[in-house]
Amino acid sequence: MNAFSRLGRQLASYWHQFRTVIAGEYRAIFTDPGVLLILVFALLIYSTLYSLAYGSEVLRNVPIGVVDESRTSSSRMLTDAFDAGPNTVVAYEPTDMKEAERLFFDRKIYGVVYIPEDYERRLLGGSQANVALYVDASYFLMYRQVFQELVTTIGRTGAMVEFQRLIARGADIPQATAVTQPVIYQAENLFNPYLGYGSFVMPAIIIVIIQQTMLIGIGMIGGTWREFGLYRKLCPPGRRRMSTLPIVAGKALVYASVYAVTSLYILDLHYRLFHFPMNGAAGTVAAFMIPYLLACITMGIAVSTLFRYREQSIMLLLWTSIPILMLSGASFPREAIPEWLYALGQVFPSSHGVNAFIRIRSMGASFAEVLPEIRTLWIMTIVYGAMACFGIHRILRREPCERGGEE
Amino acid sequence: MRGYLQDTYDVLCREVRRLVRQPMYWLLLVVLPLVSFAFFAVLFREGVARNIPVAVLDEDRTALSRKAAQMIDETPTVLVAYGIQDMAEGERMMREGRIAAVVQIPEFFEKNILSNRQTTLRAYISGANISVNGLLSKDIQTAVTTFAAGIQIQLLTKQGLTERQAMAQLMPVRFDRHVLFNPYINYGYYLSPSFMPMMLMIFTVMATIFTIGTELKHSTAGEWLATARGSVGAALAGKLLPVLTVLFLMSLVMLCFIFGVVGTPLNGSVWVLVASSLLFVLSYQAIGIFMIAVLSNLRLALSLGGGYSVLAFTFSGLTFPIMAMWPAMRVVSRFFPFTYYTDVFVDQALRGAPVRCSLPDMGCMALFIVLPFLCLPRLRRICTDKKFWGRL
């Protein structure tokens, strides 16, 4: 009987503390502009600003220069073909390479094609004509667009010439086609057919922002609790110190509720607004987001117990956002990352999160296909949850309740 | 003037004592910058992606189809990791994240080629990661083109052409490719000069806001101003000089990391880069002062200042060019000193452009240094009026 009433009292006290923590936590978020900015608005502001920056999705019409020493109808045709392609536009026709170089350094053009004087003569004479391409590799996307366009155009022009030569030598059309191009190569880009930059990078950025704002925001609140001794002040009367579990559970619930709202907005309305790929069943997205948010929250609480002042978390954690994004392997190819560094990056929920989220949302993977990642995220929730409890417990032991405290 | 220098010196001495005592400064100004530089140096050490797993769906299973698959496998970025039985299997493996592309070699591939009929080889490449997609499409296309050229040469030599004639026949227009400035198309060469300054910038903004913000938070702003005998200019100069010195030294360390460890080529003027680094640190200090002076709240200034710094990378146009952005976003990109700094870096380190190309960028960075002068009166007010102190 006695045991039951003790258990009842214990539970009632837990419930009381749980409610106090929840109320205190909501107050901490919504009355503190610094925290509010990070935990609520950062996700919305960043997602919008980044999406706007990448809004046009693709790079088209990169200006290039053509130095045409040949000045013949054949070279004219080649120049026009470069101009007609979607990715390049012949913005200048400098008279010599010297002038081309100047235009290039002034950032007026990002590639130069040099057509030598003997271009048409060689082409008509049945030998090989040479063209020199100078493509700037200091900006990757420029390099890719310009180079691909130039090579495709030259290939097409060459095939046309070859075809005409074969016909002239008396071949019939199917024969000439087969010799000109025995193997047709067709490449399809799956999931992101126009290779939009925003569609590629935004899912990863969003997932990393969720984790980073949580780490910084929760750390800020944790630092505030420590700095102002809130662990003592929130102590229910008649207890020596607060209990660990209600604090961790209460905090987690509050953060989860806040992020449930903001991520719902991002994953639905924001996605529609910017036309990001929205594959994957809603159930799969939810089955992924729940452990992802929980893993980030528990990690956030665990890390927050290390901070003693409110401004520490942002000063120490902000810079990690870019390294963590890189380690996820979503924007920088993971095959280029040293193996051990990539393995180290696996301690962050975002590394698994980005990987699974892109596959669900961009590729339409099913629950079973991302099960390994979801399982890992649940394991992380448990491990980081235990660390959070341990961290909070350690603080509580050091900060016993104040008797007759102020306030 | 004499008095001004003396005041500055007094503040400087006070500041150095504060810096040495507070471990946060050690972290922000020395330890974390070094850790982050080292991180990116290690991350970009390889610089190029190799052996990205793809699957081959060989419906022909002949010597020629195997030859084609082998040629694709032999390219640097592709690793043919799986042979699969049907497209459904390929799609599933892609969704499971095990492969990035499927190459489909159709039935009658060999037969068609030998009987002089066209055949089609298809590659399905995931666009979910466009940098991986770019590498794979380039290499697969090259392999297939080379494979087709081999066949063409055989066909043409059978018709009695010499190999040389055949080459001229199948490739009437040949091109010499000159990859400018980054001949190995190395990611590290252009990503480390962008990420390391990003880190330096974040720490600059954080440290600058922190050094002024703590004076407000701990209500020592009055004492600070009193040390400078009421001169806000001297107070600011004395306060920021030590931070500036350390950060400028760190920027030199950063240049050593970029050129020495990562091995980014240095084709232009190193002095322009050093001068730009100084301007870069100064401009972000100016922005930090502006933030804390206007907001007069340490944590809010840190949140906003931090938020602003992290945005800079996207708007620098290094990955997604500014040229491709919407016009309004192109204007936004002008409000980050980082944009100018990376331009200088590309010009001076990679391109070896003449110095005159970098002067406008340096001028733009210098413009940001005007900001603190605009907010001196405001700074005096928050340092004298007690109502701004002790705020959280």
# chains A, B, ... in the order shown; residues from 1 in each chain; ligands from 1
call {"tool": "residues_around", "arguments": {"residues": "Val331 of chain B", "least_positions_apart": "5", "cutoff": "10 Å", "atoms": "only C-alpha atoms", "output": "PDB file with C-alpha atoms, in the first residue's frame"}}
result
ATOM      1  CA  PHE B 315      25.407  34.079 -53.122  1.00  0.00           C
ATOM      2  CA  ILE B 322      25.502  34.595 -60.152  1.00  0.00           C
ATOM      3  CA  MET B 325      20.400  33.789 -60.747  1.00  0.00           C
ATOM      4  CA  TRP B 326      17.268  35.874 -60.963  1.00  0.00           C
TER       5      TRP B 326
END
call {"tool": "residues_around", "arguments": {"residues": "segment 353-370 of chain B", "least_positions_apart": "3", "cutoff": "12 Å", "atoms": "only C-alpha atoms", "output": "count of residues only"}}
result
55
call {"tool": "residues_around", "arguments": {"residues": "Pro236 of chain A", "least_positions_apart": "5", "cutoff": "8 Å", "atoms": "only C-alpha atoms", "output": "PyMOL selection string"}}
result
chain A and resi 13+16-17+242
call {"tool": "residues_around", "arguments": {"residues": "Arg381 of chain B", "least_positions_apart": "3", "cutoff": "12 Å", "atoms": "only C-alpha atoms", "output": "NGL selection string"}}
result
:B and (216 or 221-222 or 225 or 230 or 232 or 293-294 or 296 or 375-378 or 384-389)
call {"tool": "closest_atom_pairs", "arguments": {"of": "chain A", "to": "chain B", "cutoff": "6 Å", "atoms": "only C-alpha atoms", "output": "tab-separated table"}}
result
residue	atom	partner	partner_atom	distance
A:Gly34	CA	B:Leu300	CA	4.7
A:Ala53	CA	B:Met329	CA	5.9
A:Ser56	CA	B:Met325	CA	5.9
A:Leu59	CA	B:Ala324	CA	5.0
A:Phe105	CA	B:Ala353	CA	5.9
A:Ser127	CA	B:Ala168	CA	5.3
A:Gln128	CA	B:Ala168	CA	4.8
A:Ala129	CA	B:Val173	CA	4.8
A:Asn130	CA	B:Arg174	CA	4.9
A:Val131	CA	B:Phe175	CA	4.6
A:Ala132	CA	B:Asp176	CA	4.8
A:Leu133	CA	B:Arg177	CA	5.0
A:Tyr134	CA	B:His178	CA	4.8
A:Val135	CA	B:Val179	CA	5.2
A:Asp136	CA	B:Leu180	CA	4.8
A:Ala137	CA	B:Asn182	CA	5.4
A:Gly158	CA	B:Pro172	CA	5.2
A:Ala178	CA	B:Gln118	CA	5.1
A:Val179	CA	B:Gln152	CA	5.9
A:Pro182	CA	B:Gln118	CA	4.8
A:Val183	CA	B:Thr119	CA	5.1
A:Ile184	CA	B:Thr120	CA	4.5
A:Tyr185	CA	B:Leu121	CA	5.0
A:Gln186	CA	B:Arg122	CA	4.8
A:Ala187	CA	B:Ala123	CA	4.7
A:Glu188	CA	B:Tyr124	CA	4.9
A:Asn189	CA	B:Ile125	CA	5.0
A:Leu190	CA	B:Ser126	CA	4.7
A:Phe191	CA	B:Gly127	CA	5.6
A:Asn192	CA	B:Gly127	CA	4.7
A:Leu195	CA	B:Gly127	CA	5.8
A:Phe200	CA	B:Ala128	CA	5.4
A:Glu311	CA	B:Arg299	CA	5.9
A:Glu335	CA	B:Ala49	CA	5.0
A:Ala336	CA	B:Ala49	CA	4.1
A:Ile337	CA	B:Leu43	CA	5.7
A:Arg359	CA	B:Arg95	CA	5.8
A:Ala365	CA	B:Arg95	CA	5.2
A:Glu369	CA	B:Glu96	CA	5.2
call {"tool": "select_by_dssp", "arguments": {"residues": "segment 101-165 of chain A", "states": "strand (DSSP E)", "output": "list in words"}}
result
Gly111, Val112, Val113, Tyr114, Ile115, Ala129, Asn130, Val131, Ala132, Leu133, Tyr134, Val135 and Asp136 of chain A
call {"tool": "write_last_selection", "arguments": {"atoms": "C-alpha atoms", "output": "PDB file, in the first residue's frame"}}
result
ATOM      1  CA  GLY A 111      35.251  30.137 -73.063  1.00  0.00           C
ATOM      2  CA  VAL A 112      37.010  30.686 -76.360  1.00  0.00           C
ATOM      3  CA  VAL A 113      36.846  28.713 -79.596  1.00  0.00           C
ATOM      4  CA  TYR A 114      39.693  29.196 -82.012  1.00  0.00           C
ATOM      5  CA  ILE A 115      38.944  28.278 -85.634  1.00  0.00           C
ATOM      6  CA  ALA A 129      40.138  20.169 -89.536  1.00  0.00           C
ATOM      7  CA  ASN A 130      41.271  21.363 -86.128  1.00  0.00           C
ATOM      8  CA  VAL A 131      39.466  23.570 -83.686  1.00  0.00           C
ATOM      9  CA  ALA A 132      40.914  24.641 -80.338  1.00  0.00           C
ATOM     10  CA  LEU A 133      38.672  24.988 -77.290  1.00  0.00           C
ATOM     11  CA  TYR A 134      39.679  27.050 -74.278  1.00  0.00           C
ATOM     12  CA  VAL A 135      37.273  26.454 -71.450  1.00  0.00           C
ATOM     13  CA  ASP A 136      37.488  28.003 -68.012  1.00  0.00           C
TER      14      ASP A 136
END
call {"tool": "residues_around", "arguments": {"residues": "Ile266 of chain A", "least_positions_apart": "3", "cutoff": "10 Å", "atoms": "only C-alpha atoms", "output": "PyMOL selection string"}}
result
chain A and resi 43-44+47-48+206+261-263+269-273
call {"tool": "select_by_dssp", "arguments": {"residues": "segment 359-402 of chain A", "states": "helix (DSSP H, G or I)", "output": "PyMOL selection string"}}
result
chain A and resi 359-361+368-398
call {"tool": "write_last_selection", "arguments": {"atoms": "N, CA and C atoms", "output": "mmCIF file, in the first residue's frame"}}
result
data_model
loop_
_atom_site.group_PDB
_atom_site.id
_atom_site.type_symbol
_atom_site.label_atom_id
_atom_site.label_comp_id
_atom_site.auth_asym_id
_atom_site.auth_seq_id
_atom_site.Cartn_x
_atom_site.Cartn_y
_atom_site.Cartn_z
ATOM 1 N N ARG A 359 16.563 10.158 -51.308
ATOM 2 C CA ARG A 359 16.058 8.981 -52.010
ATOM 3 C C ARG A 359 14.551 8.892 -51.927
ATOM 4 N N ILE A 360 13.976 9.292 -50.792
ATOM 5 C CA ILE A 360 12.510 9.255 -50.686
ATOM 6 C C ILE A 360 11.898 10.338 -51.553
ATOM 7 N N ARG A 361 12.354 11.578 -51.323
ATOM 8 C CA ARG A 361 11.677 12.727 -51.900
ATOM 9 C C ARG A 361 12.009 12.907 -53.376
ATOM 10 N N ALA A 368 10.666 0.300 -47.375
ATOM 11 C CA ALA A 368 11.600 -0.822 -47.289
ATOM 12 C C ALA A 368 12.979 -0.428 -47.835
ATOM 13 N N GLU A 369 12.982 0.451 -48.859
ATOM 14 C CA GLU A 369 14.254 0.804 -49.484
ATOM 15 C C GLU A 369 15.099 1.750 -48.636
ATOM 16 N N VAL A 370 14.460 2.451 -47.687
ATOM 17 C CA VAL A 370 15.255 3.327 -46.810
ATOM 18 C C VAL A 370 15.271 2.798 -45.376
ATOM 19 N N LEU A 371 14.817 1.559 -45.219
ATOM 20 C CA LEU A 371 14.755 0.980 -43.873
ATOM 21 C C LEU A 371 16.103 1.032 -43.136
ATOM 22 N N PRO A 372 17.232 0.744 -43.814
ATOM 23 C CA PRO A 372 18.501 0.784 -43.075
ATOM 24 C C PRO A 372 18.744 2.150 -42.414
ATOM 25 N N GLU A 373 18.467 3.230 -43.161
ATOM 26 C CA GLU A 373 18.688 4.566 -42.601
ATOM 27 C C GLU A 373 17.719 4.852 -41.460
ATOM 28 N N ILE A 374 16.450 4.462 -41.657
ATOM 29 C CA ILE A 374 15.453 4.734 -40.609
ATOM 30 C C ILE A 374 15.831 3.984 -39.341
ATOM 31 N N ARG A 375 16.291 2.750 -39.509
ATOM 32 C CA ARG A 375 16.700 1.970 -38.346
ATOM 33 C C ARG A 375 17.856 2.677 -37.621
ATOM 34 N N THR A 376 18.840 3.139 -38.415
ATOM 35 C CA THR A 376 19.978 3.843 -37.804
ATOM 36 C C THR A 376 19.506 5.074 -37.029
ATOM 37 N N LEU A 377 18.538 5.796 -37.610
ATOM 38 C CA LEU A 377 18.070 7.009 -36.934
ATOM 39 C C LEU A 377 17.400 6.666 -35.608
ATOM 40 N N TRP A 378 16.647 5.563 -35.556
ATOM 41 C CA TRP A 378 16.040 5.160 -34.285
ATOM 42 C C TRP A 378 17.112 4.772 -33.279
ATOM 43 N N ILE A 379 18.136 4.065 -33.760
ATOM 44 C CA ILE A 379 19.231 3.700 -32.840
ATOM 45 C C ILE A 379 19.894 4.965 -32.303
ATOM 46 N N MET A 380 20.094 5.954 -33.211
ATOM 47 C CA MET A 380 20.702 7.217 -32.767
ATOM 48 C C MET A 380 19.834 7.897 -31.729
ATOM 49 N N THR A 381 18.510 7.857 -31.949
ATOM 50 C CA THR A 381 17.598 8.470 -30.979
ATOM 51 C C THR A 381 17.813 7.859 -29.601
ATOM 52 N N ILE A 382 17.947 6.536 -29.567
ATOM 53 C CA ILE A 382 18.121 5.868 -28.276
ATOM 54 C C ILE A 382 19.474 6.232 -27.661
ATOM 55 N N VAL A 383 20.528 6.159 -28.497
ATOM 56 C CA VAL A 383 21.867 6.433 -27.963
ATOM 57 C C VAL A 383 21.980 7.886 -27.498
ATOM 58 N N TYR A 384 21.577 8.823 -28.376
ATOM 59 C CA TYR A 384 21.673 10.230 -27.984
ATOM 60 C C TYR A 384 20.697 10.547 -26.857
ATOM 61 N N GLY A 385 19.557 9.833 -26.824
ATOM 62 C CA GLY A 385 18.603 10.020 -25.735
ATOM 63 C C GLY A 385 19.240 9.644 -24.408
ATOM 64 N N ALA A 386 19.959 8.530 -24.412
ATOM 65 C CA ALA A 386 20.631 8.098 -23.183
ATOM 66 C C ALA A 386 21.689 9.120 -22.783
ATOM 67 N N MET A 387 22.414 9.639 -23.794
ATOM 68 C CA MET A 387 23.432 10.639 -23.482
ATOM 69 C C MET A 387 22.795 11.914 -22.947
ATOM 70 N N ALA A 388 21.633 12.264 -23.499
ATOM 71 C CA ALA A 388 20.927 13.455 -23.023
ATOM 72 C C ALA A 388 20.539 13.274 -21.561
ATOM 73 N N CYS A 389 19.976 12.093 -21.223
ATOM 74 C CA CYS A 389 19.589 11.820 -19.839
ATOM 75 C C CYS A 389 20.801 11.899 -18.920
ATOM 76 N N PHE A 390 21.896 11.319 -19.390
ATOM 77 C CA PHE A 390 23.101 11.318 -18.577
ATOM 78 C C PHE A 390 23.579 12.751 -18.341
ATOM 79 N N GLY A 391 23.582 13.545 -19.430
ATOM 80 C CA GLY A 391 24.057 14.933 -19.323
ATOM 81 C C GLY A 391 23.197 15.746 -18.380
ATOM 82 N N ILE A 392 21.866 15.615 -18.535
ATOM 83 C CA ILE A 392 20.946 16.366 -17.676
ATOM 84 C C ILE A 392 21.119 15.915 -16.226
ATOM 85 N N HIS A 393 21.230 14.610 -16.045
ATOM 86 C CA HIS A 393 21.384 14.064 -14.704
ATOM 87 C C HIS A 393 22.626 14.640 -14.017
ATOM 88 N N ARG A 394 23.703 14.763 -14.793
ATOM 89 C CA ARG A 394 24.948 15.275 -14.254
ATOM 90 C C ARG A 394 24.782 16.736 -13.800
ATOM 91 N N ILE A 395 24.064 17.499 -14.625
ATOM 92 C CA ILE A 395 23.844 18.903 -14.242
ATOM 93 C C ILE A 395 22.997 18.976 -12.975
ATOM 94 N N LEU A 396 21.939 18.147 -12.931
ATOM 95 C CA LEU A 396 21.021 18.196 -11.789
ATOM 96 C C LEU A 396 21.746 17.865 -10.497
ATOM 97 N N ARG A 397 22.672 16.918 -10.582
ATOM 98 C CA ARG A 397 23.384 16.541 -9.365
ATOM 99 C C ARG A 397 24.201 17.706 -8.842
ATOM 100 N N ARG A 398 24.719 18.506 -9.802
ATOM 101 C CA ARG A 398 25.534 19.645 -9.389
ATOM 102 C C ARG A 398 24.692 20.814 -8.928
#
call {"tool": "closest_residue", "arguments": {"among": "A:Cys296, A:Leu166, A:Pro338, A:Glu117", "to": "Gly353 of chain A", "atoms": "only C-alpha atoms"}}
result
A:Cys296
call {"tool": "residues_around", "arguments": {"residues": "Thr79 of chain A", "least_positions_apart": "3", "cutoff": "10 Å", "atoms": "only C-alpha atoms", "output": "CSV table (one decimal) with C-alpha atoms, in the first residue's frame"}}
result
chain,number,residue,atom,x,y,z
A,65,GLY,CA,34.0,34.2,-77.8
A,66,VAL,CA,34.8,32.7,-81.2
A,67,VAL,CA,38.1,33.7,-82.8
A,68,ASP,CA,37.4,32.9,-86.5
A,73,SER,CA,30.9,29.9,-94.8
A,74,SER,CA,31.9,26.6,-93.0
A,75,SER,CA,33.4,28.4,-90.0
A,76,ARG,CA,30.4,30.8,-90.0
A,82,PHE,CA,27.6,27.4,-81.1
A,83,ASP,CA,25.3,30.4,-80.8
A,84,ALA,CA,22.2,28.3,-81.4
A,89,VAL,CA,25.8,32.2,-76.7
A,90,VAL,CA,28.5,33.7,-79.0
A,93,GLU,CA,33.9,37.5,-82.0
A,113,VAL,CA,36.8,28.7,-79.6
A,115,ILE,CA,38.9,28.3,-85.6
A,153,THR,CA,28.1,20.9,-81.6
call {"tool": "atom_distance", "arguments": {"atom1": "atom CA of Ile314 of chain A", "atom2": "atom CA of Ile216 of chain A"}}
result
5.4 Å
